[in-house]
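Asks: Pasting a structure here, questions to come.
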Amino acid sequence: MEEEADERPILCERFLEFIMFHFRWVVVVPILLPLSFIFNIAFEVRNRIVHFVSSAPNAHVRKVKYIQEQLKEWSANGRKTKLVNARPGWLTMSFRFPLYKENATKIATDKLFDILELDTETMTVKVEPGVTMGQISRYLIPLGYTLPVLPELDDLTVGGLINGCGVESGSFKYGMFQHICTGYEVVMSNGELNYVVPDSAAKTVKAKQDTSLYYAIPWSQGTICFLVAATIKIIPCKKYVKLTYKSTKTLEEMCSTLTEDSNKYSEKVDFVEALLFDKNKGCIMLGEFSDGPDTQEEVINSIGRWYKKWFYTHVEDLMKKKHKTIEYIPLRDYYHRHSKSIFWELRDIVPFGNNVLFRYLLAWMCPPKIAFLKATTPNILRKMYNRSHVLQDMLVPLETLKDCVELFHDEVEIYPLWICPFHLKSQPGLMKLRDYTQKMYVDIGAYGCTTKKDYHHEKTTRRLEKKVREVNGFQMTYADVYMTRAEYREMFDVTLYDYVRSTHKCLDAFPDVYDKICRSGRR
Ligand SMILES: Cc1cc2nc3c(=O)[nH]c(=O)nc-3n(C[C@H](O)[C@H](O)[C@H](O)COP(=O)(O)OP(=O)(O)OC[C@H]3O[C@@H](n4cnc5c(N)ncnc54)[C@H](O)[C@@H]3O)c2cc1C
Ligand SMILES: NC(=O)C1=CN([C@@H]2O[C@H](COP(=O)(O)OP(=O)(O)OC[C@H]3O[C@@H](n4cnc5c(N)ncnc54)[C@H](OP(=O)(O)O)[C@@H]3O)[C@@H](O)[C@H]2O)C=CC1
Ligand SMILES: CC(C)=CCC[C@@H](C)[C@H]1CC[C@H]2C3=C(CC[C@]12C)[C@@]1(C)CC[C@H](O)C[C@@H]1CC3
């Protein structure tokens with residue numbers, strides 16, 4: 001693999017870079033914030049109308065038929081190009097734009113963004129792949145239900161979380177987003193519509209094939225078939241999350257306490273997440289569904305209100321004052337706790353975004369839509385981000401947390417560091433555990449600019465990737481991946497993936513997953 005050129009900027013570029021980085025808010029606050037606000041309101045109004053007239057199920061049939069026709073036409077024309085989803089690159093939740101979509105045939109899955117059916121008997125919800133986490137939480141929570149795993153950022157889509165992956169603080173109990181899905185409605189490259197479910201007692205060839213397909217889809221990045229709907233488990237929920245914040249003083253304490261707290265079978269804990277504010281100081285947050293405070297001393301904190309502090313700064317401040325605190329947080333506010341500050345990325349984009357005056361006067365329009373920020377990132381800034389911005393999530397066994405955090409500290413030293421345990425089931429597919437065990441993993445997420453002198457985007461990422469492979473971990477593939485094809489195949493088990501692709505005529509129809517996720521496949 002050719003090494004990425006280390007583009008050092010000349011003096012005037014540095015100056016421009018400085019201006020654009022520190023004064024990006026000049027565009028973001030007066031233009032992108034109002035646009036984001038108007039877009040969100042318009043989309044919400046549209047969704048309510050669709051829900052009111054119940055037009056989604058009929059429209060779904062029409063939209064799927066159109067996708068089937070597109071595929072049949074592509075087949076009739078000799079299957080000359082590769083197939084991809086039509087969703088434009090600027091909308092996707094990743095820093096990069098896909099290069100593999102140029103000259104490919106774009107299939108209209110991007111028109112599928114409605115909730116189709118709530119079934120409280122089977123406790124499932126059927127949704128189209130473009131439905132976002134914000135849409136789902138807004139729909140389900142008032143009805144008293146939620147997804148067992150509901151990733152935090154409002155704009156993450158069901159299709160992206162299944163064909164990529166998804167993790168959140170409910171994952172220590174329920175696993176990744178793919179693990180809460182009970183069936184996928186898919187269209188194959190020949191235009192055939194299929195509903196696949198896992199059947200451990202499958203007898204017929206078709207049932208066996210469908211089971212294999214079901215397990216092969218997660219992490220496959222849309223290189224097997226097109227997802228047109230997913231059936232997802234729901235669970236009953238309560239109005240609040242009783243959140244217990246516990247400070248930790250050393251990395252050892254963080255690792256041992258988190259290991260104790262991440263008990264999948266705990267009846268008292270529904271959410272586990274941790275933040276590290278430097279190599280030693282951290283906070284573990286344990287959440288439990290609750291009807292609200294039992295005594296008058298206990299406080300409700302509606303952290304989602306526009307004038308409230310960014311969540312991670314609130315946690316840091318709490319930890320300076322007390323070793324342990326409890327708060328009651330409205331459920332939807334809890335789920336989207338990192339949306340308002342886009343984890344901690346907004347501090348670079350709107351440096352005064354957490355200032356009390358800004359919060360009261362303008363933060364009701366926050367956050368800016370990630371897609372709008374992505375679409376308007378100037379080239380100069382992209383170059384700067386390429387040199388010094390880290391965006392990586394490494395999924396590693398919990399017992400290796402200490403080692404891995406130490407490596408992140410030595411290599412990038414970005415804080416807060418997001419730490420989210422998740423239970424990894426023993427299942428076939430790309431994320432298959434080689435030793436057939438099931439165990440607790442943890443997502444270590446580093447987001448932000450590093451000031452490390454010897455940071456090199458490619459070389460440093462490769463060192464992190466190497467460590468992750470050594471500990472049998474996985475790298476989230478929305479981020480920059482510098483592994484070679486062979487290294488990718490060492491990290492992910494491609495046996496089932498390759499088999500399913502060859503038996504479902506995918507090889508000439510879709511790009512290989514590696515070509516979609518590798519750095520050279522993206523701009
Ligand atoms: C040359 C070759 C031929 C193959 N032929 C076939 C074939 O004829 N039929 C076929 O189905 N696969 C076939 N496969 C795929 C094969 O099953 C997997 O590629 C291989 O076993 C690796 O899968 P695994 O170890 O991840 O899953 P395994 O653990 O080996 O599981 C094998 C099958 O059981 C299902 N399964 C596993 N765990 C569960 C569970 N918890 N609940 C429900 N279902 C589960 C899987 O979906 C899969 O279909 C073939 C693969 C190769 C390389
Ligand atoms: N908390 C979390 O877990 C977070 C996760 N993420 C990551 O962000 C990504 C999700 O972002 P989002 O913008 O929603 O998704 P994207 O549009 O980025 O899609 C991700 C991948 O899934 C494929 N895909 C999407 N929809 C379909 C479909 N209907 N049928 C087949 N393939 C499909 C895409 O294919 P194609 O390339 O053809 O478009 C793409 O390769 C995931 O990869 C996730 O891991 C990011 C932030 C937080
Ligand atoms: C919780 C997990 C698993 C991941 C969180 C990842 C997010 C923090 C990133 C996903 C896409 C990223 C983008 C940006 C910030 C970080 C993410 C939201 C930008 C908004 C940063 C500024 C650039 O100009 C545009 C970026 C678009 C993508």
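Naming scheme: A, B, ... for chains in displayed order of the structure tokens; residues 1 onward per chain; ligands 1 onward as shown.
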Around ligand 2, which protein and nucleic acid residues have at least one atom no more than 7 Å from it, if we count only C-alpha atoms and all ligand atoms? List them as number ranges by chain.
Replies: A: 84-87, 91-94, 98, 109, 129-130, 151-153, 155-168, 221-223, 225-228, 476-478, 516
Asks: Would you put the residues from that selection into a file with C-alpha atoms, as a PDB file, in the first residue's frame?
Replies:
```pdb
ATOM      1  CA  VAL A  84     -24.382   1.219  -4.532  1.00  0.00           C
ATOM      2  CA  ASN A  85     -26.974   3.058  -2.481  1.00  0.00           C
ATOM      3  CA  ALA A  86     -28.017   6.412  -3.921  1.00  0.00           C
ATOM      4  CA  ARG A  87     -27.532   8.209  -0.567  1.00  0.00           C
ATOM      5  CA  LEU A  91     -25.338  12.978   4.129  1.00  0.00           C
ATOM      6  CA  THR A  92     -23.440  10.040   5.610  1.00  0.00           C
ATOM      7  CA  MET A  93     -22.086   9.902   9.133  1.00  0.00           C
ATOM      8  CA  SER A  94     -18.419   9.787   8.342  1.00  0.00           C
ATOM      9  CA  PRO A  98     -17.262   7.769  -1.080  1.00  0.00           C
ATOM     10  CA  THR A 109     -32.814   3.244  -1.083  1.00  0.00           C
ATOM     11  CA  PRO A 129     -33.500   1.902   6.388  1.00  0.00           C
ATOM     12  CA  GLY A 130     -33.350   5.703   6.133  1.00  0.00           C
ATOM     13  CA  PRO A 151     -27.233   5.094  19.257  1.00  0.00           C
ATOM     14  CA  GLU A 152     -26.918   8.694  20.415  1.00  0.00           C
ATOM     15  CA  LEU A 153     -26.527  10.851  17.342  1.00  0.00           C
ATOM     16  CA  ASP A 155     -29.013  11.457  12.316  1.00  0.00           C
ATOM     17  CA  LEU A 156     -27.662   7.888  12.373  1.00  0.00           C
ATOM     18  CA  THR A 157     -29.820   5.699  10.133  1.00  0.00           C
ATOM     19  CA  VAL A 158     -31.070   2.146  10.615  1.00  0.00           C
ATOM     20  CA  GLY A 159     -29.561   1.094   7.254  1.00  0.00           C
ATOM     21  CA  GLY A 160     -26.162   2.526   8.164  1.00  0.00           C
ATOM     22  CA  LEU A 161     -26.178   0.991  11.640  1.00  0.00           C
ATOM     23  CA  ILE A 162     -27.017  -2.465  10.257  1.00  0.00           C
ATOM     24  CA  ASN A 163     -24.797  -2.486   7.176  1.00  0.00           C
ATOM     25  CA  GLY A 164     -22.112  -0.717   9.199  1.00  0.00           C
ATOM     26  CA  CYS A 165     -22.452  -1.166  12.940  1.00  0.00           C
ATOM     27  CA  GLY A 166     -23.910   0.594  15.945  1.00  0.00           C
ATOM     28  CA  VAL A 167     -23.116   0.722  19.626  1.00  0.00           C
ATOM     29  CA  GLU A 168     -24.469   2.687  22.594  1.00  0.00           C
ATOM     30  CA  GLN A 221     -21.592  -2.057   3.927  1.00  0.00           C
ATOM     31  CA  GLY A 222     -24.304  -2.833   1.389  1.00  0.00           C
ATOM     32  CA  THR A 223     -22.189  -5.273  -0.641  1.00  0.00           C
ATOM     33  CA  CYS A 225     -28.056  -6.798  -1.088  1.00  0.00           C
ATOM     34  CA  PHE A 226     -30.161  -3.689  -0.525  1.00  0.00           C
ATOM     35  CA  LEU A 227     -31.918  -3.396   2.792  1.00  0.00           C
ATOM     36  CA  VAL A 228     -35.415  -2.005   2.276  1.00  0.00           C
ATOM     37  CA  MET A 476     -15.341   0.769  13.198  1.00  0.00           C
ATOM     38  CA  THR A 477     -15.318   1.161   9.460  1.00  0.00           C
ATOM     39  CA  TYR A 478     -16.964   4.577   9.150  1.00  0.00           C
ATOM     40  CA  LYS A 516     -15.700   0.464   0.225  1.00  0.00           C
TER      41      LYS A 516
END
```
Asks: Determine, using only C-alpha atoms and all ligand atoms, which residues of chain A have any atom at most 7 Å from an atom of ligand 3, and tabulate each with its shortest atom pair and distance in Å to one decimal place, rows ordered by chain and then rising number, as CSV.
Replies:
```
residue,atom,partner,partner_atom_place_in_ligand_line,distance
A:Met93,CA,ligand 3,11 (C),4.4
A:Ser94,CA,ligand 3,11 (C),4.0
A:Phe95,CA,ligand 3,28 (C),4.0
A:Gly166,CA,ligand 3,3 (C),6.8
A:Val167,CA,ligand 3,3 (C),6.2
A:Ile342,CA,ligand 3,18 (C),5.7
A:Phe343,CA,ligand 3,8 (C),5.6
A:Glu345,CA,ligand 3,15 (C),5.5
A:Ile370,CA,ligand 3,20 (C),4.8
A:Ala371,CA,ligand 3,27 (C),6.5
A:Leu373,CA,ligand 3,25 (C),4.9
A:Lys374,CA,ligand 3,25 (C),3.8
A:Thr377,CA,ligand 3,24 (O),4.5
A:Leu391,CA,ligand 3,9 (C),6.7
A:Asp393,CA,ligand 3,3 (C),5.8
A:Gly445,CA,ligand 3,3 (C),6.4
A:Tyr447,CA,ligand 3,8 (C),5.8
```
Asks: What would the file look like if the residues just selected were written as a PDB file, in the first residue's frame with C-alpha atoms?
Replies:
```pdb
ATOM      1  CA  MET A  93     -22.086   9.902   9.133  1.00  0.00           C
ATOM      2  CA  SER A  94     -18.419   9.787   8.342  1.00  0.00           C
ATOM      3  CA  PHE A  95     -15.788  12.403   7.592  1.00  0.00           C
ATOM      4  CA  GLY A 166     -23.910   0.594  15.945  1.00  0.00           C
ATOM      5  CA  VAL A 167     -23.116   0.722  19.626  1.00  0.00           C
ATOM      6  CA  ILE A 342     -21.658  16.365  18.643  1.00  0.00           C
ATOM      7  CA  PHE A 343     -19.745  14.456  21.317  1.00  0.00           C
ATOM      8  CA  GLU A 345     -16.524  18.149  18.212  1.00  0.00           C
ATOM      9  CA  ILE A 370     -23.599  17.030  10.806  1.00  0.00           C
ATOM     10  CA  ALA A 371     -24.408  16.645   7.098  1.00  0.00           C
ATOM     11  CA  LEU A 373     -21.100  20.749   8.421  1.00  0.00           C
ATOM     12  CA  LYS A 374     -19.688  17.994   6.266  1.00  0.00           C
ATOM     13  CA  THR A 377     -16.091  21.874   5.168  1.00  0.00           C
ATOM     14  CA  LEU A 391     -11.848  10.040  14.442  1.00  0.00           C
ATOM     15  CA  ASP A 393     -13.595   3.866  17.374  1.00  0.00           C
ATOM     16  CA  GLY A 445     -13.743   6.408  20.809  1.00  0.00           C
ATOM     17  CA  TYR A 447     -12.766  12.303  18.440  1.00  0.00           C
TER      18      TYR A 447
END
```
Asks: I'd like the neighbourhood of Asp454 in chain A as a PyMOL selection string, where a residue qualifies if any of its atoms comes within 12 Å (using only C-alpha atoms), though same-chain residues fewer than 3 positions away should be ignored.
Replies: chain A and resi 387-388+410-413+450-451+457-460
Asks: Where does chain A meet ligand 1 within 9 Å, residue by residue, with the nearest atom pair and distance in Å to one decimal for each, counting only C-alpha atoms and all ligand atoms, listed by chain and rising number, as a tab-separated table?
Replies:
```
residue	atom	partner	partner_atom_place_in_ligand_line	distance
A:Val197	CA	ligand 1	43 (C)	8.9
A:Pro198	CA	ligand 1	43 (C)	5.1
A:Asp199	CA	ligand 1	43 (C)	4.9
A:Ser200	CA	ligand 1	43 (C)	3.4
A:Ala201	CA	ligand 1	43 (C)	7.1
A:Ala202	CA	ligand 1	44 (N)	7.7
A:Val205	CA	ligand 1	9 (N)	7.4
A:Lys206	CA	ligand 1	11 (O)	9.0
A:Ala207	CA	ligand 1	11 (O)	8.5
A:Lys208	CA	ligand 1	11 (O)	4.7
A:Gln209	CA	ligand 1	11 (O)	5.2
A:Asp210	CA	ligand 1	47 (O)	7.8
A:Thr211	CA	ligand 1	47 (O)	4.5
A:Ser212	CA	ligand 1	47 (O)	3.7
A:Leu213	CA	ligand 1	47 (O)	7.1
A:Tyr214	CA	ligand 1	47 (O)	7.0
A:Tyr215	CA	ligand 1	47 (O)	5.5
A:Ala216	CA	ligand 1	47 (O)	7.8
A:Lys425	CA	ligand 1	41 (N)	8.9
A:Ser426	CA	ligand 1	41 (N)	7.3
A:Gln427	CA	ligand 1	38 (N)	5.3
A:Pro428	CA	ligand 1	26 (O)	3.2
A:Gly429	CA	ligand 1	26 (O)	4.9
A:Leu430	CA	ligand 1	26 (O)	7.6
A:Met431	CA	ligand 1	26 (O)	8.6
A:Lys432	CA	ligand 1	26 (O)	6.0
A:Leu433	CA	ligand 1	26 (O)	8.6
A:Arg434	CA	ligand 1	25 (O)	8.7
A:Tyr436	CA	ligand 1	29 (O)	8.2
A:Asp493	CA	ligand 1	26 (O)	7.4
A:Val494	CA	ligand 1	19 (O)	8.1
A:Thr495	CA	ligand 1	19 (O)	4.7
A:Leu496	CA	ligand 1	19 (O)	3.4
A:Tyr497	CA	ligand 1	19 (O)	7.0
A:Asp498	CA	ligand 1	53 (C)	7.4
A:Tyr499	CA	ligand 1	51 (C)	5.1
A:Val500	CA	ligand 1	15 (C)	7.1
A:Thr503	CA	ligand 1	5 (N)	8.9
```
Asks: Quick one: write out the picked residues with N, CA and C atoms as a compact mmCIF listing (two decimals), in the first residue's frame?
Replies:
```txt
# COMPACT_ATOMS: atom_id res chain seq x y z
N VAL A 197 -34.78 -14.09 8.08
CA VAL A 197 -34.77 -14.17 9.54
C VAL A 197 -33.81 -15.29 9.94
N PRO A 198 -33.24 -15.23 11.15
CA PRO A 198 -32.36 -16.32 11.56
C PRO A 198 -33.20 -17.51 12.01
N ASP A 199 -32.83 -18.69 11.57
CA ASP A 199 -33.58 -19.88 11.98
C ASP A 199 -32.56 -20.94 12.37
N SER A 200 -32.37 -21.11 13.69
CA SER A 200 -31.31 -22.01 14.15
C SER A 200 -31.65 -23.47 13.82
N ALA A 201 -32.95 -23.74 13.55
CA ALA A 201 -33.32 -25.13 13.23
C ALA A 201 -33.65 -25.26 11.74
N ALA A 202 -33.06 -24.40 10.93
CA ALA A 202 -33.40 -24.39 9.50
C ALA A 202 -33.20 -25.76 8.86
N VAL A 205 -33.24 -25.81 2.21
CA VAL A 205 -32.09 -25.08 1.65
C VAL A 205 -32.34 -23.58 1.75
N LYS A 206 -33.58 -23.18 1.42
CA LYS A 206 -33.93 -21.74 1.43
C LYS A 206 -33.77 -21.17 2.85
N ALA A 207 -34.27 -21.90 3.86
CA ALA A 207 -34.18 -21.40 5.24
C ALA A 207 -32.72 -21.30 5.67
N LYS A 208 -31.90 -22.26 5.22
CA LYS A 208 -30.47 -22.23 5.57
C LYS A 208 -29.79 -21.03 4.90
N GLN A 209 -30.15 -20.84 3.64
CA GLN A 209 -29.55 -19.72 2.90
C GLN A 209 -29.94 -18.38 3.53
N ASP A 210 -31.22 -18.28 3.92
CA ASP A 210 -31.69 -17.03 4.52
C ASP A 210 -30.99 -16.77 5.85
N THR A 211 -30.78 -17.84 6.61
CA THR A 211 -30.10 -17.68 7.90
C THR A 211 -28.67 -17.18 7.66
N SER A 212 -28.01 -17.76 6.69
CA SER A 212 -26.64 -17.32 6.38
C SER A 212 -26.64 -15.86 5.95
N LEU A 213 -27.65 -15.50 5.13
CA LEU A 213 -27.74 -14.12 4.63
C LEU A 213 -27.95 -13.15 5.80
N TYR A 214 -28.83 -13.56 6.71
CA TYR A 214 -29.14 -12.72 7.88
C TYR A 214 -27.85 -12.40 8.66
N TYR A 215 -27.00 -13.41 8.85
CA TYR A 215 -25.78 -13.19 9.63
C TYR A 215 -24.68 -12.48 8.83
N ALA A 216 -24.79 -12.56 7.51
CA ALA A 216 -23.71 -11.96 6.70
C ALA A 216 -23.89 -10.45 6.50
N LYS A 425 -21.95 -11.17 21.13
CA LYS A 425 -22.46 -12.54 21.09
C LYS A 425 -21.60 -13.40 20.18
N SER A 426 -21.69 -14.71 20.40
CA SER A 426 -21.00 -15.62 19.52
C SER A 426 -21.92 -15.91 18.34
N GLN A 427 -21.69 -15.25 17.25
CA GLN A 427 -22.54 -15.42 16.06
C GLN A 427 -21.68 -15.47 14.83
N PRO A 428 -22.18 -16.12 13.78
CA PRO A 428 -21.42 -16.12 12.53
C PRO A 428 -21.43 -14.73 11.91
N GLY A 429 -20.57 -14.55 10.93
CA GLY A 429 -20.57 -13.26 10.24
C GLY A 429 -19.22 -12.58 10.36
N LEU A 430 -19.16 -11.34 9.87
CA LEU A 430 -17.88 -10.63 9.82
C LEU A 430 -17.28 -10.40 11.21
N MET A 431 -18.17 -10.28 12.21
CA MET A 431 -17.68 -9.98 13.55
C MET A 431 -17.55 -11.24 14.39
N LYS A 432 -17.38 -12.35 13.72
CA LYS A 432 -17.36 -13.62 14.46
C LYS A 432 -16.12 -13.71 15.36
N LEU A 433 -16.34 -14.17 16.59
CA LEU A 433 -15.21 -14.35 17.49
C LEU A 433 -14.55 -15.69 17.18
N ARG A 434 -13.24 -15.65 16.97
CA ARG A 434 -12.54 -16.87 16.51
C ARG A 434 -12.60 -17.99 17.54
N TYR A 436 -15.13 -18.70 19.43
CA TYR A 436 -16.53 -19.10 19.63
C TYR A 436 -17.08 -18.73 21.01
N ASP A 493 -13.83 -11.86 10.05
CA ASP A 493 -13.94 -13.21 9.52
C ASP A 493 -14.80 -13.18 8.26
N VAL A 494 -14.15 -13.35 7.11
CA VAL A 494 -14.88 -13.18 5.84
C VAL A 494 -15.42 -14.51 5.29
N THR A 495 -15.30 -15.60 6.05
CA THR A 495 -15.73 -16.91 5.52
C THR A 495 -17.20 -16.88 5.07
N LEU A 496 -18.07 -16.52 5.98
CA LEU A 496 -19.50 -16.51 5.65
C LEU A 496 -19.79 -15.44 4.60
N TYR A 497 -19.16 -14.27 4.76
CA TYR A 497 -19.35 -13.16 3.82
C TYR A 497 -19.01 -13.60 2.39
N ASP A 498 -17.85 -14.22 2.22
CA ASP A 498 -17.43 -14.66 0.88
C ASP A 498 -18.38 -15.70 0.31
N TYR A 499 -18.80 -16.62 1.20
CA TYR A 499 -19.70 -17.68 0.77
C TYR A 499 -21.03 -17.08 0.28
N VAL A 500 -21.59 -16.20 1.09
CA VAL A 500 -22.88 -15.61 0.74
C VAL A 500 -22.76 -14.78 -0.55
N THR A 503 -22.65 -17.18 -3.47
CA THR A 503 -23.88 -17.93 -3.75
C THR A 503 -25.05 -17.02 -4.12
```
Asks: For range 510-515 of chain A, work out the shell of residues within 7 Å, counting only C-alpha atoms and skipping chain neighbours fewer than 5 positions away, then give it as a ChimeraX atom specification.
Replies: /A:82-83,220-221,223-224,485,521
Asks: Mind writing the picked residues with C-alpha atoms as a PDB file, in the first residue's frame?
Replies:
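So part.pdb came out as:
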```
ATOM      1  CA  LYS A  82     -21.301  -1.907  -9.603  1.00  0.00           C
ATOM      2  CA  LEU A  83     -24.348  -1.222  -7.459  1.00  0.00           C
ATOM      3  CA  SER A 220     -21.090  -5.730   4.927  1.00  0.00           C
ATOM      4  CA  GLN A 221     -21.592  -2.057   3.927  1.00  0.00           C
ATOM      5  CA  THR A 223     -22.189  -5.273  -0.641  1.00  0.00           C
ATOM      6  CA  ILE A 224     -24.581  -8.228  -0.511  1.00  0.00           C
ATOM      7  CA  ARG A 485      -6.813  -6.160   2.423  1.00  0.00           C
ATOM      8  CA  GLY A 521     -12.046   4.166  -1.600  1.00  0.00           C
TER       9      GLY A 521
END
```
Asks: Measuring between only C-alpha atoms, which one of A:Asp261, A:Tyr174, A:Tyr335, A:Ile180 shows the shortest distance to Lys239 in chain A?
Replies: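 Using only C-alpha atoms, the shortest distance to Lys239 in chain A belongs to A:Tyr335.
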Asks: Identify, on the basis of only C-alpha atoms, every residue whose closest approach to Leu35 in chain A does not exceed 9 Å; exclude the query and any residue fewer than 3 positions from it along the same chain; express the result as an mmCIF file with C-alpha atoms, in the first residue's frame.
Replies:
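Output contents, as saved in selection.cif:
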```
data_model
loop_
_atom_site.group_PDB
_atom_site.id
_atom_site.type_symbol
_atom_site.label_atom_id
_atom_site.label_comp_id
_atom_site.auth_asym_id
_atom_site.auth_seq_id
_atom_site.Cartn_x
_atom_site.Cartn_y
_atom_site.Cartn_z
ATOM 1 C CA PRO A 30 -25.742 32.654 11.302
ATOM 2 C CA ILE A 31 -26.256 30.251 8.361
ATOM 3 C CA LEU A 32 -25.994 26.545 9.219
ATOM 4 C CA ILE A 38 -35.713 24.818 9.706
ATOM 5 C CA PHE A 39 -34.796 21.486 8.108
ATOM 6 C CA ASN A 40 -35.534 19.588 11.344
ATOM 7 C CA MET A 365 -31.136 26.072 17.110
ATOM 8 C CA PRO A 368 -25.902 22.194 13.418
ATOM 9 C CA LYS A 369 -26.690 19.209 11.222
ATOM 10 C CA PHE A 372 -24.437 20.441 6.625
#
```
Asks: Could you jot down the CA of Ser171 in chain A to CA of Asn301 in chain A separation for me, Å, one decimal place?
Replies: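 Between CA of Ser171 in chain A and CA of Asn301 in chain A the gap is 23.5 Å.
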Asks: When you count only C-alpha atoms, which of these residues is closest to Lys467 in chain A: A:Val187, A:Val127, A:Met394, A:Val29?
Replies: A:Met394
Asks: Counting only C-alpha atoms, which residue out of A:His456, A:Lys279, A:His336, A:His323 sits closest to Pro416 in chain A?
Replies: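 Looking only at the distances to Pro416 in chain A, the closest residue turns out to be A:Lys279.
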Asks: Which parts of range 108-205 of chain A does DSSP call strand (DSSP E or B) when run on the backbone here, written out as JSON, numbers by chain?
Replies: {"A": [115, 116, 117, 118, 119, 124, 125, 126, 127, 132, 145, 146, 157, 181, 182, 183, 184, 185, 186, 187, 193, 194, 195, 196]}
Asks: Enumerate as a PyMOL selection string all residues of range 73-206 of chain A assigned to helix (DSSP H, G or I) by DSSP on the backbone, naming them with the chain letters and numbers the document uses.
Replies: chain A and resi 73-76+89-91+109-111+133-143+158-163+171-174+177-180+205-206
Asks: Which residues come within 12 Å of range 55-62 of chain A, counting only C-alpha atoms, excluding same-chain residues fewer than 4 positions away, as a CSV table (one decimal) with N, CA and C atoms, in the first residue's frame?
Replies:
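Final file, out15.csv:
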```
chain,number,residue,atom,x,y,z
A,46,ARG,N,-43.4,16.9,8.2
A,46,ARG,CA,-43.7,15.9,7.1
A,46,ARG,C,-43.9,14.5,7.7
A,47,ASN,N,-43.1,14.1,8.7
A,47,ASN,CA,-43.3,12.8,9.3
A,47,ASN,C,-44.6,12.7,10.1
A,48,ARG,N,-45.1,13.8,10.7
A,48,ARG,CA,-46.4,13.7,11.4
A,48,ARG,C,-47.5,13.6,10.4
A,49,ILE,N,-47.4,14.3,9.3
A,49,ILE,CA,-48.5,14.2,8.3
A,49,ILE,C,-48.5,12.7,7.8
A,50,VAL,N,-47.3,12.2,7.4
A,50,VAL,CA,-47.3,10.8,6.9
A,50,VAL,C,-47.9,9.8,7.9
A,51,HIS,N,-47.5,10.1,9.2
A,51,HIS,CA,-48.1,9.2,10.2
A,51,HIS,C,-49.6,9.3,10.3
A,66,TYR,N,-40.0,0.1,-7.2
A,66,TYR,CA,-39.2,0.9,-8.1
A,66,TYR,C,-37.7,0.4,-8.0
A,67,ILE,N,-37.3,0.1,-6.7
A,67,ILE,CA,-35.9,-0.4,-6.6
A,67,ILE,C,-35.7,-1.8,-7.3
A,68,GLN,N,-36.8,-2.6,-7.3
A,68,GLN,CA,-36.7,-3.9,-8.0
A,68,GLN,C,-36.6,-3.6,-9.5
A,69,GLU,N,-37.4,-2.7,-10.0
A,69,GLU,CA,-37.3,-2.3,-11.4
A,69,GLU,C,-35.9,-1.8,-11.8
A,108,ALA,N,-32.2,3.5,-5.4
A,108,ALA,CA,-32.9,4.5,-4.7
A,108,ALA,C,-33.4,4.1,-3.3
A,109,THR,N,-32.4,3.6,-2.5
A,109,THR,CA,-32.8,3.2,-1.1
A,109,THR,C,-32.9,4.5,-0.3
A,111,LYS,N,-34.8,6.9,-0.6
A,111,LYS,CA,-36.2,7.4,-0.5
A,111,LYS,C,-37.0,6.7,0.6
A,112,LEU,N,-36.3,5.8,1.2
A,112,LEU,CA,-36.9,4.9,2.2
A,112,LEU,C,-36.7,5.5,3.6
A,113,PHE,N,-37.5,6.4,4.1
A,113,PHE,CA,-37.2,6.9,5.5
A,113,PHE,C,-38.4,7.1,6.4
A,114,ASP,N,-39.3,6.0,6.3
A,114,ASP,CA,-40.5,6.1,7.2
A,114,ASP,C,-40.6,4.9,8.1
A,115,ILE,N,-41.3,5.1,9.2
A,115,ILE,CA,-41.6,4.1,10.2
A,115,ILE,C,-42.8,3.3,9.6
A,116,LEU,N,-42.8,2.0,9.5
A,116,LEU,CA,-43.8,1.3,8.8
A,116,LEU,C,-44.9,0.7,9.8
A,117,GLU,N,-44.4,0.1,10.9
A,117,GLU,CA,-45.4,-0.6,11.7
A,117,GLU,C,-44.9,-0.9,13.1
A,118,LEU,N,-45.7,-0.6,14.1
A,118,LEU,CA,-45.4,-1.0,15.4
A,118,LEU,C,-46.2,-2.1,15.9
A,126,LYS,N,-41.2,-2.1,12.6
A,126,LYS,CA,-40.7,-2.3,11.3
A,126,LYS,C,-40.4,-0.9,10.7
A,127,VAL,N,-39.2,-0.7,10.2
A,127,VAL,CA,-38.8,0.6,9.7
A,127,VAL,C,-38.1,0.5,8.4
A,128,GLU,N,-38.1,1.6,7.7
A,128,GLU,CA,-37.3,1.7,6.4
A,128,GLU,C,-35.9,2.0,6.8
A,129,PRO,N,-34.9,1.7,6.0
A,129,PRO,CA,-33.5,1.9,6.4
A,129,PRO,C,-33.1,3.3,6.6
A,130,GLY,N,-33.8,4.3,6.0
A,130,GLY,CA,-33.3,5.7,6.1
A,130,GLY,C,-33.9,6.4,7.4
A,131,VAL,N,-34.7,5.6,8.2
A,131,VAL,CA,-35.2,6.1,9.4
A,131,VAL,C,-34.0,6.4,10.4
A,185,GLU,N,-35.8,-7.1,5.4
A,185,GLU,CA,-36.4,-7.2,4.1
A,185,GLU,C,-35.4,-6.7,3.1
A,193,LEU,N,-37.2,-9.9,-4.1
A,193,LEU,CA,-37.5,-9.4,-2.8
A,193,LEU,C,-37.5,-10.5,-1.8
A,228,VAL,N,-34.3,-2.9,2.5
A,228,VAL,CA,-35.4,-2.0,2.3
A,228,VAL,C,-36.3,-1.9,3.5
A,229,ALA,N,-36.2,-2.8,4.5
A,229,ALA,CA,-36.8,-2.6,5.8
A,229,ALA,C,-36.2,-3.5,6.8
```
